[in-house]
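Source file run-v6.txt; content: compact mmCIF, C-alpha atoms.
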# COMPACT_ATOMS: atom_id res chain seq x y z
CA MET A 148 186.25 115.48 16.01
CA ASP A 149 187.41 115.12 19.59
CA ILE A 150 186.14 118.33 21.16
CA GLU A 151 188.13 117.99 24.39
CA GLU A 152 191.34 117.51 22.47
CA TYR A 153 190.55 120.39 20.13
CA ILE A 154 190.01 122.72 23.09
CA ALA A 155 193.13 121.47 24.87
CA SER A 156 195.26 122.13 21.78
CA GLY A 157 195.11 125.87 22.58
CA ILE A 158 193.94 126.84 19.08
CA LEU A 159 190.92 128.76 20.42
CA GLU A 160 193.15 131.05 22.51
CA LEU A 161 195.08 131.89 19.33
CA TYR A 162 191.79 132.40 17.47
CA VAL A 163 190.82 135.11 19.96
CA ALA A 164 194.30 136.65 19.76
CA GLY A 165 194.02 136.83 15.96
CA SER A 166 197.28 134.88 15.60
CA LEU A 167 196.07 132.19 13.21
CA SER A 168 196.45 132.10 9.45
CA GLU A 169 193.40 132.93 7.33
CA LYS A 170 192.89 129.24 6.56
CA GLU A 171 193.07 128.12 10.20
CA ASN A 172 190.76 130.97 11.13
CA GLN A 173 188.17 129.73 8.66
CA GLU A 174 188.50 126.18 10.02
CA VAL A 175 187.97 127.31 13.59
CA PHE A 176 184.99 129.41 12.52
CA GLU A 177 183.39 126.38 10.87
CA ALA A 178 184.10 124.16 13.87
CA ILE A 179 182.46 126.72 16.17
CA GLN A 180 179.34 126.80 13.99
CA GLN A 181 179.13 123.04 14.36
CA TYR A 182 179.92 122.57 18.06
CA PRO A 183 178.39 124.96 20.60
CA GLU A 184 180.88 123.77 23.26
CA LEU A 185 183.61 125.46 21.25
CA LEU A 186 181.73 128.74 21.14
CA ASN A 187 181.23 128.50 24.88
CA GLU A 188 184.96 128.09 25.38
CA VAL A 189 185.77 130.95 22.99
CA LEU A 190 183.46 133.27 24.94
CA LYS A 191 185.19 132.40 28.20
CA ILE A 192 188.63 132.97 26.74
CA GLU A 193 187.53 136.24 25.19
CA SER A 194 186.02 137.45 28.43
CA ALA A 195 189.25 136.68 30.33
CA ILE A 196 191.35 138.53 27.74
CA ILE A 197 189.02 141.52 27.83
CA LYS A 198 189.45 141.74 31.60
CA LEU A 199 193.21 141.32 31.41
CA THR A 200 193.67 143.99 28.75
CA ALA A 201 191.21 146.36 30.40
CA ALA A 202 193.39 146.31 33.52
CA GLY A 203 195.98 148.29 31.53
CA SER A 204 193.55 151.11 30.89
CA PRO A 205 194.48 154.34 32.69
CA ILE A 206 190.92 155.66 32.99
CA ASP A 207 187.35 154.51 32.61
CA ALA A 208 186.96 154.63 28.84
CA LYS A 209 183.17 155.03 28.91
CA GLN A 210 183.40 158.76 29.50
CA LEU A 211 185.07 159.20 26.12
CA PHE A 212 182.13 157.98 24.06
CA THR A 213 180.53 161.43 23.94
CA THR A 214 183.70 162.85 22.39
CA ILE A 215 183.70 160.09 19.78
CA LYS A 216 180.05 160.73 19.00
CA SER A 217 180.62 164.42 18.53
CA LYS A 218 183.70 163.75 16.35
CA LEU A 219 181.46 161.57 14.18
CA ASN A 220 178.56 164.04 14.31
CA LEU A 221 176.29 161.39 15.74
CA SER A 222 173.35 161.81 18.05
CA ASN A 223 170.94 159.30 19.49
CA ASN A 224 167.59 159.61 17.81
CA ASP A 225 165.65 161.44 20.45
CA THR A 226 161.94 161.22 19.86
CA LYS A 227 160.24 164.51 20.53
CA VAL A 228 156.89 164.34 22.26
CA VAL A 229 154.34 166.78 20.90
CA SER A 230 151.45 167.41 23.23
CA LEU A 231 148.05 168.06 21.72
CA ASP A 232 146.27 171.16 22.93
CA LYS A 233 142.77 169.93 22.36
CA PRO A 234 142.53 166.33 23.44
CA LYS A 235 138.78 166.29 22.95
CA SER A 236 138.79 167.37 19.33
CA ASN A 237 137.49 165.25 16.51
CA TRP A 238 139.75 162.25 15.93
CA ILE A 239 139.03 161.91 12.21
CA PRO A 240 141.20 164.76 10.91
CA TYR A 241 143.94 163.73 13.36
CA SER A 242 143.92 160.17 12.22
CA GLY A 243 144.01 161.49 8.66
CA TRP A 244 147.06 163.55 9.48
CA ALA A 245 148.60 160.64 11.38
CA ALA A 246 148.12 158.37 8.37
CA ALA A 247 149.69 161.00 6.12
CA ILE A 248 152.62 161.44 8.49
CA ILE A 249 153.15 157.71 8.79
CA LEU A 250 153.01 157.36 5.01
CA GLY A 251 155.36 160.29 4.52
CA GLY A 252 157.68 158.97 7.23
CA GLY A 253 157.66 155.53 5.64
CA LEU A 254 158.48 157.06 2.29
CA LEU A 255 161.33 159.08 3.73
CA TRP A 256 162.57 156.01 5.55
CA SER A 257 162.63 153.96 2.31
CA ILE A 258 164.45 156.75 0.52
CA THR A 259 167.05 156.89 3.30
CA GLN A 260 167.38 153.11 3.26
CA ASN A 261 167.84 153.18 -0.48
CA ASN A 262 170.46 155.90 -0.21
CA ASN A 263 172.22 154.01 2.56
CA LEU A 264 172.34 150.90 0.41
CA LYS A 265 173.69 152.87 -2.52
CA GLU A 266 176.30 154.35 -0.21
CA THR A 267 177.23 150.86 1.01
CA ILE A 268 177.62 149.64 -2.57
CA ARG A 269 179.82 152.60 -3.37
CA VAL A 270 181.99 151.94 -0.31
CA VAL A 271 182.30 148.27 -1.18
CA GLU A 272 183.22 149.11 -4.75
CA ASN A 273 185.86 151.54 -3.56
CA GLU A 274 187.18 148.92 -1.20
CA LYS A 275 187.33 146.40 -4.04
CA GLU A 276 189.17 148.81 -6.28
CA PHE A 277 191.58 149.57 -3.47
CA LEU A 278 192.23 145.86 -2.87
CA GLU A 279 192.80 145.29 -6.58
CA GLN A 280 195.34 148.08 -6.57
CA LYS A 281 197.03 146.50 -3.59
CA ILE A 282 197.24 143.15 -5.40
CA GLU A 283 198.71 144.85 -8.42
CA ILE A 284 201.32 146.61 -6.29
CA ALA A 285 202.14 143.35 -4.54
CA ASN A 286 202.58 141.61 -7.91
CA THR A 287 204.90 144.35 -9.14
CA ASP A 288 206.92 144.14 -5.92
CA LEU A 289 207.14 140.38 -6.30
CA SER A 290 208.42 140.52 -9.87
CA GLU A 291 210.96 143.16 -8.84
CA ALA A 292 212.12 140.92 -6.01
CA LYS A 293 212.40 137.93 -8.35
CA ASN A 294 214.39 140.01 -10.79
CA LEU A 295 216.78 141.09 -8.02
CA LEU A 296 217.20 137.52 -6.86
CA SER A 297 218.09 136.34 -10.36
CA ILE A 298 220.72 139.11 -10.54
CA LEU A 299 222.23 138.13 -7.20
CA ARG A 300 222.40 134.48 -8.20
CA ASP A 301 223.99 135.05 -11.60
CA LYS A 302 227.48 133.55 -11.56
CA ASN A 303 228.82 136.19 -13.98
CA ILE A 304 228.14 138.93 -11.49
CA LEU A 305 230.92 140.18 -9.22
CA SER A 306 229.95 140.92 -5.67
CA ILE A 307 231.95 143.68 -3.98
CA PRO A 308 231.26 144.48 -0.32
CA LEU A 309 231.87 148.12 0.65
CA GLY A 310 232.87 148.59 4.27
CA GLY A 311 232.18 151.58 6.52
CA GLN A 312 234.90 154.24 6.79
CA GLN A 313 236.06 156.63 9.51
CA VAL A 314 233.16 159.09 9.20
CA SER A 315 230.55 156.33 9.58
CA PRO A 316 232.10 153.00 10.61
CA GLU A 317 228.74 151.24 10.94
CA SER A 318 227.75 151.94 7.31
CA TYR A 319 228.01 149.30 4.62
CA ALA A 320 226.88 148.68 1.08
CA ASN A 321 227.22 146.05 -1.62
CA VAL A 322 227.94 146.44 -5.30
CA TYR A 323 226.94 143.71 -7.76
CA TRP A 324 228.80 144.33 -10.99
CA ASP A 325 227.39 142.92 -14.19
CA LYS A 326 230.35 143.41 -16.56
CA THR A 327 228.58 142.01 -19.62
CA ASN A 328 225.83 144.61 -19.38
CA ASN A 329 228.07 147.41 -18.07
CA SER A 330 225.92 148.00 -15.06
CA ILE A 331 226.20 147.79 -11.30
CA TYR A 332 223.46 147.17 -8.78
CA LEU A 333 224.14 149.07 -5.59
CA ASP A 334 222.52 147.79 -2.43
CA ALA A 335 222.62 150.83 -0.13
CA GLN A 336 220.41 149.51 2.68
CA GLY A 337 223.27 149.91 5.16
CA LEU A 338 223.66 153.67 4.67
CA PRO A 339 221.94 156.20 6.93
CA GLU A 340 219.40 158.67 5.48
CA PRO A 341 221.40 161.57 3.99
CA PRO A 342 220.87 164.89 5.82
CA GLU A 343 218.92 167.75 4.19
CA GLY A 344 220.83 169.30 1.28
CA LYS A 345 223.16 166.32 0.87
CA VAL A 346 223.19 163.31 -1.46
CA TYR A 347 225.26 160.17 -1.77
CA GLN A 348 227.58 160.12 -4.79
CA VAL A 349 228.94 156.84 -6.16
CA TRP A 350 232.50 156.67 -7.45
CA SER A 351 234.37 154.17 -9.58
CA LEU A 352 238.07 154.20 -8.67
CA THR A 353 241.21 153.01 -10.41
CA LEU A 354 244.28 152.65 -8.22
CA ASN A 355 247.92 153.65 -9.00
CA PRO A 356 247.39 156.47 -9.56
CA LEU A 357 244.15 156.92 -7.66
CA THR A 358 241.60 158.22 -10.18
CA PRO A 359 237.98 158.64 -9.18
CA THR A 360 235.22 158.73 -11.82
CA SER A 361 231.74 159.80 -10.75
CA LEU A 362 228.98 157.30 -11.49
CA GLY A 363 226.36 159.81 -10.37
CA THR A 364 224.38 160.79 -7.31
CA ILE A 365 221.54 158.89 -5.63
CA ASP A 366 218.84 161.54 -5.66
CA ASP A 367 215.91 159.32 -4.73
CA PHE A 368 217.55 157.58 -1.75
CA SER A 369 214.78 158.38 0.74
CA GLU A 370 211.93 157.52 -1.61
CA ASP A 371 213.33 154.17 -2.71
CA ASP A 372 211.99 151.33 -0.58
CA ASN A 373 214.41 148.53 -1.34
CA LYS A 374 217.45 150.86 -1.55
CA ILE A 375 218.78 149.03 -4.59
CA PHE A 376 219.95 151.28 -7.40
CA THR A 377 220.95 150.33 -10.95
CA ILE A 378 223.85 152.40 -12.27
CA THR A 379 225.67 152.24 -15.63
CA ASN A 380 229.38 151.60 -15.30
CA THR A 381 231.63 151.27 -18.36
CA ASN A 382 234.84 151.83 -16.37
CA GLU A 383 237.53 149.25 -15.61
CA SER A 384 236.86 149.86 -11.92
CA GLN A 385 239.26 148.56 -9.28
CA ALA A 386 237.28 149.87 -6.35
CA PHE A 387 233.98 151.55 -5.55
CA GLY A 388 233.33 154.27 -3.01
CA ILE A 389 230.38 156.29 -1.77
CA THR A 390 230.73 159.84 -0.44
CA LEU A 391 228.27 162.35 0.96
CA GLU A 392 228.18 165.46 -1.22
CA PRO A 393 226.10 168.64 -1.49
CA THR A 394 222.93 168.18 -3.60
CA GLY A 395 223.89 168.04 -7.28
CA GLY A 396 227.12 166.18 -6.58
CA SER A 397 230.77 167.22 -6.75
CA GLU A 398 233.50 167.14 -9.41
CA SER A 399 235.77 165.10 -7.18
CA PRO A 400 235.01 163.12 -4.02
CA THR A 401 235.11 164.81 -0.61
CA LEU A 402 237.31 162.25 1.08
CA GLU A 403 236.45 163.38 4.62
CA GLN A 404 232.89 162.33 3.80
CA LEU A 405 233.77 158.88 2.46
CA TYR A 406 231.10 156.56 3.88
CA THR A 407 231.95 153.20 2.35
CA LEU A 408 234.71 151.78 0.22
CA GLY A 409 235.51 148.38 -1.25
CA THR A 410 238.02 147.03 -3.75
CA VAL A 411 237.29 144.61 -6.57
CA SER A 412 239.19 141.41 -5.89
CA PRO A 413 241.32 140.62 -8.92
CA MET B 154 175.25 128.02 31.34
CA GLN B 155 175.60 127.01 27.74
CA ARG B 156 172.17 128.29 26.86
CA PHE B 157 173.12 131.62 28.35
CA HIS B 158 176.26 131.87 26.26
CA THR B 159 174.48 130.91 23.07
CA PHE B 160 172.02 133.62 23.83
CA THR B 161 174.68 136.31 24.29
CA TRP B 162 176.36 135.14 21.12
CA MET B 163 173.19 135.63 19.13
CA ASN B 164 172.80 139.03 20.67
CA LEU B 165 176.33 139.94 19.78
CA ASP B 166 175.78 138.89 16.17
CA GLN B 167 172.68 141.04 15.93
CA LEU B 168 174.42 143.89 17.67
CA VAL B 169 177.24 143.80 15.14
CA VAL B 170 174.78 143.77 12.24
CA ARG B 171 173.01 146.79 13.67
CA PHE B 172 176.35 148.49 14.21
CA GLN B 173 177.17 147.83 10.57
CA GLN B 174 173.88 149.48 9.66
CA LYS B 175 175.12 152.57 11.53
CA ASP B 176 172.89 152.15 14.56
CA VAL B 177 174.30 154.51 17.21
CA SER B 178 172.93 152.62 20.21
CA ALA B 179 174.47 149.35 18.97
CA PHE B 180 177.71 151.25 18.55
CA GLU B 181 177.51 152.48 22.14
CA THR B 182 176.83 148.98 23.47
CA LEU B 183 179.83 147.55 21.63
CA TYR B 184 181.90 150.50 22.77
CA ASN B 185 181.00 149.84 26.39
CA MET B 186 181.93 146.19 25.94
CA TYR B 187 185.37 146.73 24.44
CA SER B 188 186.61 150.29 25.04
CA ASP B 189 188.40 149.62 28.35
CA SER B 190 190.11 146.64 26.83
CA MET B 191 191.21 148.62 23.75
CA LEU B 192 192.37 151.54 25.86
CA GLY B 193 194.38 149.05 27.94
CA VAL B 194 196.01 147.53 24.86
CA VAL B 195 196.80 150.91 23.31
CA ASN B 196 198.14 152.27 26.60
CA THR B 197 200.41 149.26 26.96
CA ILE B 198 201.90 150.00 23.56
CA VAL B 199 202.15 153.82 23.62
CA ARG B 200 202.68 154.19 27.40
CA ASP B 201 201.17 157.63 27.60
CA ASN B 202 197.69 158.23 29.02
CA ASP B 203 196.79 161.18 26.81
CA ILE B 204 198.10 159.65 23.61
CA ALA B 205 196.41 156.35 24.48
CA GLN B 206 193.03 158.03 24.88
CA GLU B 207 193.43 159.87 21.60
CA VAL B 208 194.45 156.69 19.73
CA MET B 209 191.63 154.67 21.33
CA GLN B 210 189.07 157.22 20.11
CA ASP B 211 190.51 156.97 16.62
CA VAL B 212 190.19 153.19 16.83
CA PHE B 213 186.44 153.37 17.37
CA ILE B 214 186.04 156.11 14.78
CA LYS B 215 187.88 153.87 12.32
CA ALA B 216 185.72 150.90 13.31
CA TRP B 217 182.60 152.98 12.68
CA HIS B 218 183.78 154.07 9.25
CA ASN B 219 184.98 150.61 8.23
CA ALA B 220 182.23 148.60 9.93
CA GLU B 221 181.17 146.96 6.67
CA THR B 222 184.59 145.34 6.21
CA TYR B 223 184.04 143.10 9.25
CA SER B 224 182.60 139.67 8.63
CA SER B 225 182.12 137.01 11.30
CA ASN B 226 183.81 134.28 9.28
CA LYS B 227 187.05 136.24 9.50
CA GLY B 228 187.06 135.94 13.30
CA ARG B 229 185.57 137.41 16.44
CA PHE B 230 184.38 141.02 16.43
CA PHE B 231 186.59 141.56 19.49
CA THR B 232 189.59 140.27 17.53
CA TRP B 233 188.76 142.56 14.62
CA ILE B 234 188.70 145.66 16.78
CA LEU B 235 191.73 144.45 18.75
CA ASN B 236 193.65 144.33 15.47
CA ILE B 237 192.62 147.88 14.61
CA ALA B 238 193.74 149.01 18.07
CA ARG B 239 197.12 147.28 17.98
CA ASN B 240 197.87 148.57 14.48
CA ALA B 241 196.84 152.13 15.34
CA ALA B 242 198.97 152.09 18.49
CA ILE B 243 201.99 150.62 16.75
CA ASP B 244 201.62 153.15 13.91
CA LYS B 245 201.56 155.88 16.53
CA THR B 246 204.83 154.72 18.09
CA ARG B 247 206.41 154.84 14.65
CA SER B 248 205.32 158.40 13.91
CA LYS B 249 207.94 161.13 13.96
CA SER B 250 206.24 163.29 16.58
CA PHE B 251 205.96 160.31 18.91
CA LYS B 252 209.59 159.29 18.48
CA ASN B 253 210.71 162.84 19.22
CA SER B 254 208.76 163.00 22.45
CA LYS B 255 209.60 159.49 23.65
CA GLN B 256 213.32 159.09 23.14
CA ASN B 257 213.86 156.92 26.19
CA LEU B 258 211.04 154.46 25.94
CA ASN B 259 212.13 151.29 27.65
CA ALA B 260 210.59 148.01 26.65
CA ASP B 261 208.51 147.14 29.70
CA PHE B 262 206.04 144.30 29.80
CA PHE B 263 202.28 144.85 29.88
CA VAL B 264 202.71 143.49 33.39
CA ASP B 265 204.40 146.71 34.53
CA ILE B 266 201.71 148.87 32.97
CA ILE B 267 198.99 146.89 34.72
CA ALA B 268 200.91 146.71 37.99
CA SER B 269 201.46 150.48 38.02
CA SER B 270 197.90 151.33 36.99
CA ASP B 271 196.06 153.13 39.77
CA ASN B 272 192.67 153.17 38.12
CA LEU B 273 191.01 150.74 40.47
CA ASP B 274 187.46 151.93 40.48
CA ARG B 275 186.53 150.29 37.23
CA GLN B 276 184.13 147.41 36.86
CA THR B 277 187.02 145.17 35.84
CA ASP B 278 188.79 142.94 38.33
CA SER B 279 191.84 145.18 38.37
CA ILE B 280 193.05 144.29 41.83
CA GLY B 281 192.89 140.56 41.17
CA ILE B 282 194.55 141.00 37.81
CA LYS B 283 197.32 143.12 39.34
CA LYS B 284 198.08 140.31 41.76
CA PHE B 285 197.79 137.78 38.99
CA VAL B 286 200.25 139.45 36.63
CA SER B 287 202.81 140.05 39.35
CA LYS B 288 202.88 136.33 40.04
CA LEU B 289 202.81 135.33 36.41
CA ALA B 290 205.66 133.10 35.22
CA GLU B 291 208.19 134.80 32.95
CA LYS B 292 207.36 132.45 30.06
CA CYS B 293 203.69 133.44 30.34
CA LYS B 294 204.53 137.16 30.37
CA ASN B 295 206.41 136.83 27.09
CA ILE B 296 203.80 134.82 25.33
CA ILE B 297 200.77 136.89 26.43
CA GLU B 298 202.61 140.09 25.56
CA LEU B 299 203.42 138.94 22.03
CA LEU B 300 200.11 137.28 21.17
CA TYR B 301 197.57 139.64 22.72
CA PHE B 302 199.31 142.99 23.06
CA LYS B 303 201.71 142.93 20.11
CA GLY B 304 199.59 140.97 17.62
CA TYR B 305 202.25 138.42 16.70
CA THR B 306 201.13 135.41 14.64
CA GLN B 307 201.87 132.02 16.20
CA LYS B 308 204.72 131.62 13.72
CA GLU B 309 206.25 135.00 14.59
CA ALA B 310 205.89 134.27 18.30
CA SER B 311 207.50 130.89 17.81
CA GLU B 312 210.46 132.52 16.06
CA ALA B 313 210.77 135.36 18.57
CA LEU B 314 210.76 133.04 21.59
CA GLU B 315 212.63 130.23 19.82
CA ILE B 316 210.14 127.56 20.76
CA PRO B 317 208.13 125.28 18.45
CA ILE B 318 204.68 126.40 17.20
CA GLY B 319 202.96 123.53 19.03
CA THR B 320 204.51 124.65 22.31
CA ILE B 321 203.27 128.23 21.73
CA LYS B 322 199.71 126.92 21.56
CA THR B 323 199.80 124.71 24.63
CA ARG B 324 201.91 127.04 26.75
CA ASN B 325 199.63 129.96 25.97
CA ARG B 326 196.58 127.86 26.84
CA GLY B 327 198.19 127.06 30.19
CA CYS B 328 198.82 130.75 30.87
CA ILE B 329 195.27 131.79 29.91
CA ASN B 330 193.87 128.97 32.05
CA GLU B 331 195.72 130.41 35.05
CA LEU B 332 194.14 133.76 34.30
CA ARG B 333 190.71 132.19 34.03
CA ASN B 334 191.14 130.32 37.30
CA MET B 335 192.11 133.54 39.00
CA LEU B 336 189.04 135.26 37.57
CA GLY B 337 186.96 132.33 38.75
CA GLU B 338 185.62 131.42 35.34
Could I get this file's structure written as structure tokens?
Amino acid sequence: MDIEEYIASGILELYVAGSLSEKENQEVFEAIQQYPELLNEVLKIESAIIKLTAAGSPIDAKQLFTTIKSKLNLSNNDTKVVSLDKPKSNWIPYSGWAAAIILGGGLLWSITQNNNLKETIRVVENEKEFLEQKIEIANTDLSEAKNLLSILRDKNILSIPLGGQQVSPESYANVYWDKTNNSIYLDAQGLPEPPEGKVYQVWSLTLNPLTPTSLGTIDDFSEDDNKIFTITNTNESQAFGITLEPTGGSESPTLEQLYTLGTVSP
Amino acid sequence: MQRFHTFTWMNLDQLVVRFQQKDVSAFETLYNMYSDSMLGVVNTIVRDNDIAQEVMQDVFIKAWHNAETYSSNKGRFFTWILNIARNAAIDKTRSKSFKNSKQNLNADFFVDIIASSDNLDRQTDSIGIKKFVSKLAEKCKNIIELLYFKGYTQKEASEALEIPIGTIKTRNRGCINELRNMLGE
């Protein structure tokens, strides 16, 4: 490896910033183990960054360590000095006591060590369990995303954009209508959070004469992360609309609170 | 010179191990090494002295509790704690209470925070750094801000600044070299 070139590439600066991928990080780590010049360079970069960032500090941070220690209930192990009243007394019983204390102390120390290790194992196990859960969640998210993508790509699915209306011109939504399965997928990402005590209600509309049919309310809008909702629709809809209604929904749409509307192109 | 650095590196390694074994004095040493830097990073993100101090304390408390998750093959200890600090500060700016109190937060550069800082009696080279950042080229300001203060990956930085990944690396090296020259290292 050409060390000069490696340093000049700028990869070590990114290593210190934490901007590299896990794989690159590992590679740099191994290279540093092998070539001390690289470590030397990393230390210089790190020291410069520490000084630069520290210049943005409003106060001297050292004074805050005591607060941190007390928040963590920590104290430095102060050794107490016990003075002996009779320095001339017989050393044999004292050395006996000293031996006992050292033995007892050693025993206590091993017990503490053992407990600490057990604690560490427990923490690591918890951590592992937590990471496994995260992987599982990520896998579920991924399969959901794949499922959504397959729906969006299906040629038999009608895509109907719903544009923002007078009450909220910047709102938008999309309806993907799967006629064969009588369901619509509503992508409501472009709607604002509904205020307290209000919900969005989705309407299927037929024109001439204008007849709205409620498809239901979106009660879990805030909790849903991807803001995509699956709704059954058996109507011969000609348009879809979304209104803001009091919790529980309304019999007929409050047209002053019509957020988005879009017609199905024939 | 090299021998010296190798020596400090070994010390740092041992220090981190002792810190992971919950040694309070090792904790204090590491704290003294990095706390000003972390407070600077957090302050640059939250732009409020009191909030910054509170978040910085949480950063070290978190580091203490999660010490065993650090491993040197994942990167530098400094980088590990820097990540905790950036994430904690960014989380803070996203919290409701913060948003309510900081409606009109304008997106200044770290440069302005450093330039307006009046804490000059620290051991850091604040005065030199103030001068340095005020003369820093615009392209360096962007890149240092994103990589060191915002925690962008090289890919994200490349997309945000619309320049190729390779350029990010070399340009950033150039900028950091200027800083090092100014610091006389």
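From atom CA of A:Leu254 back to atom CA of A:Lys216, the distance works out to 27.5 Å.
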Write down, as a compact mmCIF listing (two decimals) with C-alpha atoms, in the coordinates of the input, each residue of chain A that has any atom within 7 Å of an atom of chain B, counting all atoms listed in the file.
# COMPACT_ATOMS: atom_id res chain seq x y z
CA SER A 156 195.26 122.13 21.78
CA GLY A 157 195.11 125.87 22.58
CA ILE A 158 193.94 126.84 19.08
CA GLU A 160 193.15 131.05 22.51
CA VAL A 163 190.82 135.11 19.96
CA ALA A 164 194.30 136.65 19.76
CA GLY A 165 194.02 136.83 15.96
CA SER A 166 197.28 134.88 15.60
CA LEU A 167 196.07 132.19 13.21
CA ASN A 172 190.76 130.97 11.13
CA GLN A 173 188.17 129.73 8.66
CA PHE A 176 184.99 129.41 12.52
CA ASN A 187 181.23 128.50 24.88
CA ALA A 195 189.25 136.68 30.33
CA ILE A 197 189.02 141.52 27.83
CA LYS A 198 189.45 141.74 31.60
CA LEU A 199 193.21 141.32 31.41
CA THR A 200 193.67 143.99 28.75
CA ALA A 201 191.21 146.36 30.40
CA ALA A 202 193.39 146.31 33.52
CA GLY A 203 195.98 148.29 31.53
CA SER A 204 193.55 151.11 30.89
CA PRO A 205 194.48 154.34 32.69
CA ILE A 206 190.92 155.66 32.99
CA ASP A 207 187.35 154.51 32.61
CA ALA A 208 186.96 154.63 28.84
CA LYS A 209 183.17 155.03 28.91
CA ILE A 215 183.70 160.09 19.78
CA ASN A 223 170.94 159.30 19.49
Long-range neighbours of stretch 333-342 of chain A as an MDAnalysis selection string, 9 Å cut-off, only C-alpha atoms, 3 positions minimum in chain:
chainID A and resid 311 315 317:324 345:347 368:369 373:378 391 406:407
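What separates atom CA of A:Ser399 from atom CA of A:Tyr332 is a distance of 21.8 Å.
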Would you mind reading off the distance between atom CA of A:Lys326 and atom CA of A:Ser351, one decimal, in Å?
13.4 Å
Let me know the centre plus edge lengths, in Å and rounded to one decimal, of a box with edges along x, y and z that contains all listed atoms of stretch 188-195 of chain A and is padded by 8 Å on every side, as AutoDock Vina command-line options.
--center_x 186.4 --center_y 132.8 --center_z 26.7 --size_x 21.8 --size_y 25.4 --size_z 23.3
